Amino acid sequence: MDPDNIMLISFGYFEAGLLDRVARDVEQEFLLPVKTREGHLDLSDFYDPARRQYNGNSLLKIVETEFASDSGKTLGLFNVDLFIPILTYIFGQAFLNGRSGIASIHRFSNERYGIKADDTIFQERFRKEVIHELGHTFGLIHCHNPACVMRSSTYVEDIDQKSHHLCTKCLGQLEISRTVK
Amino acid sequence: MARKISILIVDDEESVRDSLYNWFIEDDYRVECAENAKKALTMLESDSFDIILADIKMPGMDGLEMLRRIKSIHSESIVIVMTAFATVDTAVQALKDGAFDYVTKPFDPDDLSHLIRNASKQISLLEENEILKDKVVLLENMEDLIGKSPAMQRVFREIESVAPSNASVIITGESGTGKELVAKAIHANSPRKFFPLVSVHCGALTESLLESELFGHEKGAFTGAVYNRKGRFEMADSGTIFLDEIATISSKMQVELLRVLETRSFVRVGGNKEITSDFRVICATNRDLKSMVEKGLFREDLYYRLNVVNINIPPLRERIEDIPLLVEYFINKYCSIMNKPLISMDSAALRRLQEFSYPGNIRELENLIERAIVVGNGKKITLKDLPPGKEIAAPAFESLDDLEKNHISLILNKYNWNISATAKALKVDRVTLYNKIKKYGLKPLK
């Protein structure tokens, strides 16, 4: 059965209008109503002082247990640096074919890499990551099509290479997944 | 479609297992987890995994010990060891014990992707290699050794029993019986099959040429030796050397050969460096070596050195029941080579072939079939397509017309239906030839 909606919940400060713009893109991609709202969490509980990062696994769990609902897909949005124990960092992660996921804007700004700030590129990266993680919640796995938003990206340059759209194959998979579920 | 690569994650930390599990699942791998080495080994008893990602520090059995055990059970498994505390010693030890790679936790997402991509590439190369090996074996074994007669069945059994050993073999049999094919079959079924089978036709070379051919030569060893050259024994290292027409070698070469067979070492012509080579020897002859030994024409010690196993191939006249099978095989072979539709042979022609004496054995039968396909009408091989010869009891053609028609057809095919060339060969003018073609309804082969 098709989920009723997609919920984007922001934890922390996000520039005014950013979430609404991303929500529109997500709406067009998944053809589902997208809502946004603010969430409140004490992020210090998820901070790892040894790594100076925030534990992505724990954040995903809390989003799943405290914020997700059976009637839709929920994505927690953060502005802090995320990690999982085995990897040095992550842009986001989600439960494959599940109800929730998380994504962070922390590593998307050019300034972080010593390059001149570019708001368009920053927003582009963010919306691609949001659509990518939501794709996982719909059961989509990584795609080999270089232009597909579901292509695996380990660097921001990888994100820049792909589009924010699902390829034909992934759209087909999405259709099947939404019909079957 | 490529199959899913399977990954087993072995780590005592649940968060690590979960993280890796989620990461790989999104990449469409088949993923399983084990929280300790013992459980991983139990899982490996009933399931196999392409890649095993194992932590080094685990309670109970550590990752290195597990790596050694996995390698002893599944030597082809790719094991990647992970640790949070990297030391050069453990890394070296892991690689010495057969680990594919060694990574320190936490790693960059890109490193992880690279690691798994490299391991997957290695897996597909290994699989491709196995498939190609099987194909090579299939190709080698598909060679033209054909026969269901008891005599050939005996030969097959002998090949099967001798092939896995390292024993020297002498293959005897009349000319054209397929001695080289038997040598190929022995090599193809032996553990040396992935190394070269080097053939030397001893009868075709003079003594000095044979010496240079077998042992190689150094630059300047003789006039014309302008570069160093490896000998056939050297080329056959780890493989098999097939010495055809062994009875024809001179007594000097017999001494040289005996020495090489005893020591497996030799010196190139004009050289002074001892070269060793690990080869298996298979010889063939159409002569009676035993009687040559009795007459003093062949060294007895060399004879016994070579004649560990003797395989005798029966002449075709002693296994006429194999002729239909061989005919079918050669028709397939030549129709395919000549790009012609597959044809058959009528029963009268087949009966005729079974009356033949075949002094040239299978080679002769093969030539007969090739010729019949060339001169035949492209539909069915009949008596007319077989050559008239003294060995065939009944004449191929009763009437002069049939004889003339067949002959003209033969010459036309020989000259690719070039009318001028055919008329010239038949010593008739072109008009006469056109009339004959019309009279007999001859048409070019399609």
# chains A, B, ... in the order shown; residues from 1 in each chain; ligands from 1
>>> closest_atom_pairs(of="chain A", to="chain B", cutoff="10 Å", atoms="only C-alpha atoms", output="Markdown table")
| residue | atom | partner | partner_atom | distance |
| --- | --- | --- | --- | --- |
| A:Gly56 | CA | B:Ser19 | CA | 9.4 |
| A:Asn57 | CA | B:Ser19 | CA | 7.5 |
| A:Ser58 | CA | B:Ser15 | CA | 9.4 |
| A:Phe83 | CA | B:Pro106 | CA | 9.4 |
| A:Ile84 | CA | B:Ser19 | CA | 6.5 |
| A:Pro85 | CA | B:Val16 | CA | 5.7 |
| A:Ile86 | CA | B:Pro106 | CA | 4.5 |
| A:Leu87 | CA | B:Pro106 | CA | 4.7 |
| A:Thr88 | CA | B:Asp108 | CA | 5.2 |
| A:Tyr89 | CA | B:Asp108 | CA | 7.1 |
| A:Ile90 | CA | B:Pro109 | CA | 7.5 |
| A:Gln93 | CA | B:Asn22 | CA | 8.5 |
| A:Ala94 | CA | B:Asn22 | CA | 8.3 |
| A:Phe95 | CA | B:Asn22 | CA | 7.6 |
| A:Leu96 | CA | B:Glu26 | CA | 7.0 |
| A:His136 | CA | B:Glu26 | CA | 7.4 |
| A:Gly139 | CA | B:Glu26 | CA | 8.8 |
| A:Leu140 | CA | B:Glu26 | CA | 7.7 |
| A:Ile141 | CA | B:Glu26 | CA | 4.7 |
| A:His142 | CA | B:Asp27 | CA | 5.1 |
| A:Cys143 | CA | B:Asp27 | CA | 8.0 |
| A:His144 | CA | B:Asp27 | CA | 9.6 |
| A:Met150 | CA | B:Glu26 | CA | 9.8 |
| A:Arg151 | CA | B:Asp27 | CA | 9.4 |
| A:Ser152 | CA | B:Asp27 | CA | 7.9 |
| A:Ser153 | CA | B:Asp110 | CA | 8.4 |
| A:Thr154 | CA | B:Asp110 | CA | 5.4 |
| A:Tyr155 | CA | B:Asp110 | CA | 7.6 |
>>> write_last_selection(atoms="C-alpha atoms", output="mmCIF file, in the first residue's frame")
data_model
loop_
_atom_site.group_PDB
_atom_site.id
_atom_site.type_symbol
_atom_site.label_atom_id
_atom_site.label_comp_id
_atom_site.auth_asym_id
_atom_site.auth_seq_id
_atom_site.Cartn_x
_atom_site.Cartn_y
_atom_site.Cartn_z
ATOM 1 C CA GLY A 56 24.284 8.105 13.106
ATOM 2 C CA ASN A 57 23.096 4.688 14.261
ATOM 3 C CA SER A 58 21.675 6.078 17.514
ATOM 4 C CA PHE A 83 29.375 8.823 11.778
ATOM 5 C CA ILE A 84 28.712 5.146 12.175
ATOM 6 C CA PRO A 85 31.187 2.988 14.116
ATOM 7 C CA ILE A 86 32.777 1.412 11.062
ATOM 8 C CA LEU A 87 33.000 4.522 8.873
ATOM 9 C CA THR A 88 34.705 7.852 9.357
ATOM 10 C CA TYR A 89 31.583 9.744 8.300
ATOM 11 C CA ILE A 90 28.244 9.367 6.553
ATOM 12 C CA GLN A 93 21.443 6.507 6.202
ATOM 13 C CA ALA A 94 18.059 4.846 6.199
ATOM 14 C CA PHE A 95 16.277 1.592 6.907
ATOM 15 C CA LEU A 96 16.028 -0.226 3.606
ATOM 16 C CA HIS A 136 16.160 3.520 0.451
ATOM 17 C CA GLY A 139 13.312 -0.311 -0.882
ATOM 18 C CA LEU A 140 15.585 1.084 -3.576
ATOM 19 C CA ILE A 141 19.196 -0.162 -3.447
ATOM 20 C CA HIS A 142 22.235 1.588 -4.906
ATOM 21 C CA CYS A 143 22.036 2.014 -8.663
ATOM 22 C CA HIS A 144 24.865 1.730 -11.192
ATOM 23 C CA MET A 150 20.324 6.287 -6.078
ATOM 24 C CA ARG A 151 23.944 5.920 -7.163
ATOM 25 C CA SER A 152 26.191 5.419 -4.147
ATOM 26 C CA SER A 153 28.140 8.575 -3.215
ATOM 27 C CA THR A 154 31.019 8.599 -0.811
ATOM 28 C CA TYR A 155 32.334 12.095 -1.595
#
>>> select_by_dssp(residues="range 165-324 of chain B", states="alpha helix (DSSP H)", output="ChimeraX atom specification")
/B:179-188,207-215,232-235,251-263,289-294,300-306,323-324
>>> write_last_selection(atoms="N, CA and C atoms", output="compact mmCIF listing (two decimals), in the first residue's frame")
# COMPACT_ATOMS: atom_id res chain seq x y z
N LYS B 179 47.80 -41.52 -32.94
CA LYS B 179 48.70 -41.60 -31.77
C LYS B 179 48.83 -40.23 -31.09
N GLU B 180 48.91 -39.18 -31.91
CA GLU B 180 49.07 -37.85 -31.33
C GLU B 180 47.82 -37.45 -30.53
N LEU B 181 46.66 -37.91 -31.02
CA LEU B 181 45.42 -37.59 -30.30
C LEU B 181 45.39 -38.26 -28.93
N VAL B 182 45.93 -39.50 -28.89
CA VAL B 182 46.00 -40.20 -27.61
C VAL B 182 46.94 -39.44 -26.67
N ALA B 183 48.07 -38.97 -27.21
CA ALA B 183 49.01 -38.20 -26.39
C ALA B 183 48.33 -36.95 -25.85
N LYS B 184 47.56 -36.28 -26.71
CA LYS B 184 46.84 -35.07 -26.27
C LYS B 184 45.85 -35.40 -25.17
N ALA B 185 45.15 -36.52 -25.36
CA ALA B 185 44.14 -36.91 -24.36
C ALA B 185 44.80 -37.22 -23.02
N ILE B 186 45.96 -37.88 -23.05
CA ILE B 186 46.67 -38.19 -21.79
C ILE B 186 47.04 -36.88 -21.10
N HIS B 187 47.60 -35.97 -21.90
CA HIS B 187 48.03 -34.67 -21.33
C HIS B 187 46.81 -33.91 -20.77
N ALA B 188 45.74 -33.91 -21.55
CA ALA B 188 44.56 -33.12 -21.16
C ALA B 188 43.90 -33.66 -19.90
N GLU B 207 69.82 -35.14 -37.25
CA GLU B 207 70.32 -35.32 -35.89
C GLU B 207 70.69 -33.99 -35.23
N SER B 208 71.43 -33.14 -35.98
CA SER B 208 71.87 -31.88 -35.35
C SER B 208 70.69 -30.93 -35.12
N LEU B 209 69.77 -30.94 -36.08
CA LEU B 209 68.59 -30.08 -35.91
C LEU B 209 67.74 -30.54 -34.72
N LEU B 210 67.62 -31.87 -34.59
CA LEU B 210 66.82 -32.42 -33.50
C LEU B 210 67.45 -32.08 -32.15
N GLU B 211 68.79 -32.14 -32.12
CA GLU B 211 69.50 -31.83 -30.88
C GLU B 211 69.23 -30.37 -30.47
N SER B 212 69.33 -29.48 -31.46
CA SER B 212 69.09 -28.06 -31.18
C SER B 212 67.62 -27.83 -30.82
N GLU B 213 66.75 -28.58 -31.50
CA GLU B 213 65.31 -28.43 -31.25
C GLU B 213 64.96 -28.87 -29.82
N LEU B 214 65.55 -30.01 -29.42
CA LEU B 214 65.20 -30.54 -28.10
C LEU B 214 65.87 -29.79 -26.96
N PHE B 215 67.15 -29.46 -27.12
CA PHE B 215 67.89 -28.87 -25.99
C PHE B 215 68.02 -27.35 -26.10
N ARG B 232 62.87 -27.68 -26.70
CA ARG B 232 61.53 -28.19 -26.42
C ARG B 232 61.40 -28.75 -25.00
N PHE B 233 62.52 -29.32 -24.49
CA PHE B 233 62.44 -29.83 -23.11
C PHE B 233 62.22 -28.68 -22.14
N GLU B 234 62.87 -27.55 -22.43
CA GLU B 234 62.73 -26.37 -21.57
C GLU B 234 61.31 -25.81 -21.66
N MET B 235 60.77 -25.81 -22.90
CA MET B 235 59.41 -25.29 -23.10
C MET B 235 58.37 -26.17 -22.40
N SER B 251 71.56 -43.21 -32.76
CA SER B 251 72.05 -43.80 -31.51
C SER B 251 72.65 -42.72 -30.61
N LYS B 252 73.26 -41.68 -31.21
CA LYS B 252 73.83 -40.60 -30.39
C LYS B 252 72.70 -39.89 -29.63
N MET B 253 71.62 -39.62 -30.35
CA MET B 253 70.50 -38.92 -29.71
C MET B 253 69.84 -39.81 -28.65
N GLN B 254 69.89 -41.14 -28.89
CA GLN B 254 69.32 -42.06 -27.90
C GLN B 254 70.07 -41.93 -26.57
N VAL B 255 71.42 -41.79 -26.67
CA VAL B 255 72.23 -41.65 -25.45
C VAL B 255 71.87 -40.33 -24.76
N GLU B 256 71.81 -39.26 -25.56
CA GLU B 256 71.50 -37.94 -25.01
C GLU B 256 70.12 -37.95 -24.32
N LEU B 257 69.17 -38.56 -25.01
CA LEU B 257 67.80 -38.60 -24.50
C LEU B 257 67.74 -39.37 -23.18
N LEU B 258 68.46 -40.49 -23.13
CA LEU B 258 68.48 -41.31 -21.92
C LEU B 258 69.00 -40.48 -20.73
N ARG B 259 70.08 -39.72 -20.99
CA ARG B 259 70.68 -38.91 -19.92
C ARG B 259 69.67 -37.85 -19.41
N VAL B 260 68.99 -37.23 -20.36
CA VAL B 260 68.00 -36.19 -19.98
C VAL B 260 66.86 -36.81 -19.18
N LEU B 261 66.43 -37.99 -19.62
CA LEU B 261 65.30 -38.62 -18.93
C LEU B 261 65.69 -39.02 -17.51
N GLU B 262 66.98 -39.38 -17.32
CA GLU B 262 67.41 -39.80 -15.99
C GLU B 262 67.64 -38.63 -15.06
N THR B 263 68.18 -37.53 -15.60
CA THR B 263 68.55 -36.40 -14.73
C THR B 263 67.56 -35.25 -14.79
N LEU B 289 59.38 -51.46 -31.50
CA LEU B 289 60.61 -51.07 -30.79
C LEU B 289 61.29 -52.28 -30.15
N LYS B 290 60.50 -53.22 -29.69
CA LYS B 290 61.05 -54.40 -29.01
C LYS B 290 61.98 -55.15 -29.96
N SER B 291 61.50 -55.34 -31.19
CA SER B 291 62.36 -56.08 -32.13
C SER B 291 63.55 -55.23 -32.55
N MET B 292 63.40 -53.90 -32.55
CA MET B 292 64.54 -53.03 -32.84
C MET B 292 65.60 -53.16 -31.75
N VAL B 293 65.12 -53.31 -30.50
CA VAL B 293 66.05 -53.51 -29.38
C VAL B 293 66.80 -54.83 -29.58
N GLU B 294 66.06 -55.87 -29.95
CA GLU B 294 66.68 -57.18 -30.15
C GLU B 294 67.71 -57.14 -31.26
N GLU B 300 68.42 -50.61 -25.29
CA GLU B 300 67.51 -51.33 -24.40
C GLU B 300 67.16 -50.48 -23.16
N ASP B 301 68.23 -49.80 -22.59
CA ASP B 301 67.97 -48.99 -21.38
C ASP B 301 67.00 -47.86 -21.66
N LEU B 302 67.12 -47.25 -22.86
CA LEU B 302 66.18 -46.17 -23.22
C LEU B 302 64.78 -46.74 -23.43
N TYR B 303 64.74 -47.92 -24.04
CA TYR B 303 63.44 -48.57 -24.29
C TYR B 303 62.69 -48.78 -22.97
N TYR B 304 63.41 -49.31 -21.98
CA TYR B 304 62.74 -49.58 -20.71
C TYR B 304 62.41 -48.30 -19.95
N ARG B 305 63.25 -47.27 -20.16
CA ARG B 305 62.99 -45.98 -19.52
C ARG B 305 61.69 -45.36 -20.07
N LEU B 306 61.51 -45.53 -21.40
CA LEU B 306 60.34 -44.93 -22.05
C LEU B 306 59.09 -45.79 -21.89
N ILE B 323 33.44 -47.35 -37.78
CA ILE B 323 33.41 -46.54 -39.00
C ILE B 323 32.17 -45.63 -39.08
N PRO B 324 30.95 -46.10 -38.80
CA PRO B 324 29.80 -45.17 -38.88
C PRO B 324 29.96 -43.94 -37.98
>>> atom_distance(atom1="CA of Thr422 in chain B", atom2="CA of Tyr440 in chain B")
15.7 Å
>>> select_by_dssp(residues="range 65-153 of chain A", states="strand (DSSP E)", output="ChimeraX atom specification")
/A:72-78,82-84,87-90,92-94,100-104
>>> write_last_selection(atoms="N, CA and C atoms", output="PDB file, in the first residue's frame")
ATOM      1  N   GLY A  72       3.590   6.734   6.885  1.00  0.00           N
ATOM      2  CA  GLY A  72       4.437   7.478   5.945  1.00  0.00           C
ATOM      3  C   GLY A  72       5.913   7.199   6.127  1.00  0.00           C
ATOM      4  N   LYS A  73       6.709   7.971   5.405  1.00  0.00           N
ATOM      5  CA  LYS A  73       8.163   7.845   5.520  1.00  0.00           C
ATOM      6  C   LYS A  73       8.663   9.094   6.241  1.00  0.00           C
ATOM      7  N   THR A  74       9.581   8.889   7.163  1.00  0.00           N
ATOM      8  CA  THR A  74      10.080  10.024   7.941  1.00  0.00           C
ATOM      9  C   THR A  74      11.586  10.148   7.772  1.00  0.00           C
ATOM     10  N   LEU A  75      12.042  11.381   7.503  1.00  0.00           N
ATOM     11  CA  LEU A  75      13.474  11.592   7.370  1.00  0.00           C
ATOM     12  C   LEU A  75      13.901  12.677   8.360  1.00  0.00           C
ATOM     13  N   GLY A  76      14.822  12.320   9.246  1.00  0.00           N
ATOM     14  CA  GLY A  76      15.369  13.284  10.195  1.00  0.00           C
ATOM     15  C   GLY A  76      16.505  14.054   9.541  1.00  0.00           C
ATOM     16  N   LEU A  77      16.455  15.377   9.625  1.00  0.00           N
ATOM     17  CA  LEU A  77      17.479  16.193   8.970  1.00  0.00           C
ATOM     18  C   LEU A  77      18.325  16.908  10.029  1.00  0.00           C
ATOM     19  N   PHE A  78      19.629  16.802   9.897  1.00  0.00           N
ATOM     20  CA  PHE A  78      20.544  17.343  10.917  1.00  0.00           C
ATOM     21  C   PHE A  78      21.558  18.282  10.260  1.00  0.00           C
ATOM     22  N   LEU A  82      27.843  13.369  11.021  1.00  0.00           N
ATOM     23  CA  LEU A  82      27.380  12.037  11.416  1.00  0.00           C
ATOM     24  C   LEU A  82      28.454  10.975  11.164  1.00  0.00           C
ATOM     25  N   PHE A  83      28.478   9.973  12.009  1.00  0.00           N
ATOM     26  CA  PHE A  83      29.375   8.823  11.778  1.00  0.00           C
ATOM     27  C   PHE A  83      28.619   7.546  12.134  1.00  0.00           C
ATOM     28  N   ILE A  84      29.146   6.444  11.651  1.00  0.00           N
ATOM     29  CA  ILE A  84      28.712   5.146  12.175  1.00  0.00           C
ATOM     30  C   ILE A  84      30.007   4.447  12.599  1.00  0.00           C
ATOM     31  N   LEU A  87      32.587   3.543   9.882  1.00  0.00           N
ATOM     32  CA  LEU A  87      33.000   4.522   8.873  1.00  0.00           C
ATOM     33  C   LEU A  87      33.349   5.869   9.492  1.00  0.00           C
ATOM     34  N   THR A  88      34.240   6.572   8.828  1.00  0.00           N
ATOM     35  CA  THR A  88      34.705   7.852   9.357  1.00  0.00           C
ATOM     36  C   THR A  88      33.606   8.917   9.325  1.00  0.00           C
ATOM     37  N   TYR A  89      32.711   8.805   8.363  1.00  0.00           N
ATOM     38  CA  TYR A  89      31.583   9.744   8.300  1.00  0.00           C
ATOM     39  C   TYR A  89      30.494   9.151   7.404  1.00  0.00           C
ATOM     40  N   ILE A  90      29.313   9.702   7.509  1.00  0.00           N
ATOM     41  CA  ILE A  90      28.244   9.367   6.553  1.00  0.00           C
ATOM     42  C   ILE A  90      27.481  10.648   6.222  1.00  0.00           C
ATOM     43  N   GLY A  92      24.284  10.297   5.324  1.00  0.00           N
ATOM     44  CA  GLY A  92      22.960   9.931   5.811  1.00  0.00           C
ATOM     45  C   GLY A  92      22.810   8.424   5.771  1.00  0.00           C
ATOM     46  N   GLN A  93      21.736   7.935   6.313  1.00  0.00           N
ATOM     47  CA  GLN A  93      21.443   6.507   6.202  1.00  0.00           C
ATOM     48  C   GLN A  93      19.956   6.286   6.462  1.00  0.00           C
ATOM     49  N   ALA A  94      19.491   5.108   6.057  1.00  0.00           N
ATOM     50  CA  ALA A  94      18.059   4.846   6.199  1.00  0.00           C
ATOM     51  C   ALA A  94      17.824   3.351   6.343  1.00  0.00           C
ATOM     52  N   SER A 100      12.007   4.989   8.172  1.00  0.00           N
ATOM     53  CA  SER A 100      12.736   6.221   8.462  1.00  0.00           C
ATOM     54  C   SER A 100      14.183   6.222   7.971  1.00  0.00           C
ATOM     55  N   GLY A 101      14.722   7.455   7.989  1.00  0.00           N
ATOM     56  CA  GLY A 101      16.109   7.644   7.608  1.00  0.00           C
ATOM     57  C   GLY A 101      16.599   8.955   8.183  1.00  0.00           C
ATOM     58  N   ILE A 102      17.901   9.209   8.019  1.00  0.00           N
ATOM     59  CA  ILE A 102      18.451  10.492   8.464  1.00  0.00           C
ATOM     60  C   ILE A 102      19.393  11.027   7.386  1.00  0.00           C
ATOM     61  N   ALA A 103      19.625  12.348   7.409  1.00  0.00           N
ATOM     62  CA  ALA A 103      20.586  12.964   6.489  1.00  0.00           C
ATOM     63  C   ALA A 103      21.105  14.230   7.161  1.00  0.00           C
ATOM     64  N   SER A 104      22.335  14.599   6.794  1.00  0.00           N
ATOM     65  CA  SER A 104      22.895  15.806   7.399  1.00  0.00           C
ATOM     66  C   SER A 104      23.484  16.717   6.329  1.00  0.00           C
TER      67      SER A 104
END
